[in-house]
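J.: Let me give you the structure first, and then I'll get to my questions.
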Amino acid sequence: WTIHVADSDGAGIIGVRILNGTSYANNDGIHCTTSRNIHISDCHISAGDDGICVTGFGPKKGVTENVTVSNCTITSRSSGIRVGYGDNNIRNCLFQNLVIYGSNRGLGVFSRDRGDIENIQFSNITIETRLHTGHWWGHGEPIHVSAVPIYEDVVSGEIRNVRFTDITARSESGIVIH
C-alpha cells in the first residue's frame, strides 16, 4: 500500500499524486484502516489494486468513521473506491466529486467480516469501468454492494444506509447488489 493511514485520528491527505504500476496486485493507492476524521482530497491515483480503500482492519477494537474523499481522479485494476473488510465497524463516510476511469470496478461496498458498514454516501461521481483480462478483482461493474462472508464460520456484518446520488457510469457490466 502506498499510503497507509492506520489507527489515526485527524489525518489529511491533500494533493498527492500516486502512480503505481497497474500490472501489480495489492498495491493500493491509499488504504485507511480503523481511523477517524480522515480527509482525502485533490489526489490523482493510479493503482494495480484499490485506488482508495476504507476498511475496519486493525489489531485492536475500534471504528473507522468520518472519512471524506473529494475531488480525486482514480484508475485501478480493482475498485476505484472500496469500503469494507475487517471486524471493526465503518460509518459516516462521504465520497464526492470523483472521476474513476479504466478500473475493473468503480465503487465497492463489501461486508466480508464481522464489521457493520453504515451511513456511506457517494455523490457526483463519474465512472468508466472495463473488464481487464487476467486475474484481477472485479468484472467491469460500476457499483458493487455485497454482504458475503469471507469464511463459512463468519457471519458478515450488516450494510445499512448507503446512498448513491448523481452517479454517471459507463461500463462493460451491470450494477451488483448481493
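The chains in the C-alpha cells are called A, B, ... from first to last as shown; in each chain the residues are counted from 1, and the ligands are counted from 1 in the order shown.
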If we count only C-alpha atoms, what is near Ser8 of chain A at a cut-off of 10 Å, once residues fewer than 5 positions away on the same chain are taken out, given as a PDB file with N, CA, C and O atoms, in the first residue's frame?
T.:
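Output contents, as saved in selection.pdb:
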```pdb
ATOM      1  N   CYS A  32      -6.972   3.162   4.259  1.00  0.00           N
ATOM      2  CA  CYS A  32      -7.293   3.709   5.578  1.00  0.00           C
ATOM      3  C   CYS A  32      -7.908   2.605   6.425  1.00  0.00           C
ATOM      4  O   CYS A  32      -8.940   2.050   6.063  1.00  0.00           O
ATOM      5  N   THR A  33      -7.263   2.272   7.560  1.00  0.00           N
ATOM      6  CA  THR A  33      -7.752   1.209   8.428  1.00  0.00           C
ATOM      7  C   THR A  33      -8.011   1.733   9.838  1.00  0.00           C
ATOM      8  O   THR A  33      -7.161   2.391  10.425  1.00  0.00           O
ATOM      9  N   THR A  34      -9.185   1.430  10.350  1.00  0.00           N
ATOM     10  CA  THR A  34      -9.607   1.765  11.719  1.00  0.00           C
ATOM     11  C   THR A  34      -9.097   3.139  12.140  1.00  0.00           C
ATOM     12  O   THR A  34      -8.276   3.279  13.034  1.00  0.00           O
ATOM     13  N   SER A  35      -9.580   4.164  11.446  1.00  0.00           N
ATOM     14  CA  SER A  35      -9.186   5.550  11.699  1.00  0.00           C
ATOM     15  C   SER A  35     -10.400   6.454  11.687  1.00  0.00           C
ATOM     16  O   SER A  35     -11.449   6.095  11.154  1.00  0.00           O
ATOM     17  N   ARG A  36     -10.239   7.643  12.256  1.00  0.00           N
ATOM     18  CA  ARG A  36     -11.348   8.595  12.374  1.00  0.00           C
ATOM     19  C   ARG A  36     -10.921   9.970  11.864  1.00  0.00           C
ATOM     20  O   ARG A  36      -9.764  10.333  11.944  1.00  0.00           O
ATOM     21  N   ASN A  37     -11.941  10.682  11.362  1.00  0.00           N
ATOM     22  CA  ASN A  37     -11.745  12.074  10.951  1.00  0.00           C
ATOM     23  C   ASN A  37     -10.610  12.213   9.931  1.00  0.00           C
ATOM     24  O   ASN A  37      -9.665  12.963  10.117  1.00  0.00           O
ATOM     25  N   ILE A  38     -10.755  11.477   8.841  1.00  0.00           N
ATOM     26  CA  ILE A  38      -9.751  11.444   7.783  1.00  0.00           C
ATOM     27  C   ILE A  38     -10.289  12.211   6.575  1.00  0.00           C
ATOM     28  O   ILE A  38     -11.436  12.014   6.166  1.00  0.00           O
ATOM     29  N   THR A  64     -13.857   2.799  12.108  1.00  0.00           N
ATOM     30  CA  THR A  64     -13.457   3.715  11.044  1.00  0.00           C
ATOM     31  C   THR A  64     -14.650   4.620  10.815  1.00  0.00           C
ATOM     32  O   THR A  64     -15.737   4.136  10.485  1.00  0.00           O
TER      33      THR A  64
END
```
J.: So the first atom is atom CA of Thr73 of chain A and the second is atom CA of Ile159 of chain A; what is the distance between them in Å, to one decimal place?
T.: 26.0 Å
J.: A:Glu118, A:Asp113, A:Asp28, A:Glu152: which is nearest Gly48 of chain A, counting only C-alpha atoms?
T.: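 The answer is A:Asp28, which sits nearest to Gly48 of chain A.
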J.: Would you mind telling me which residue in A:Asn104, A:Thr55, A:Thr168, A:Asn66 lies nearest to Arg82 of chain A when using only C-alpha atoms?
T.: A:Thr55
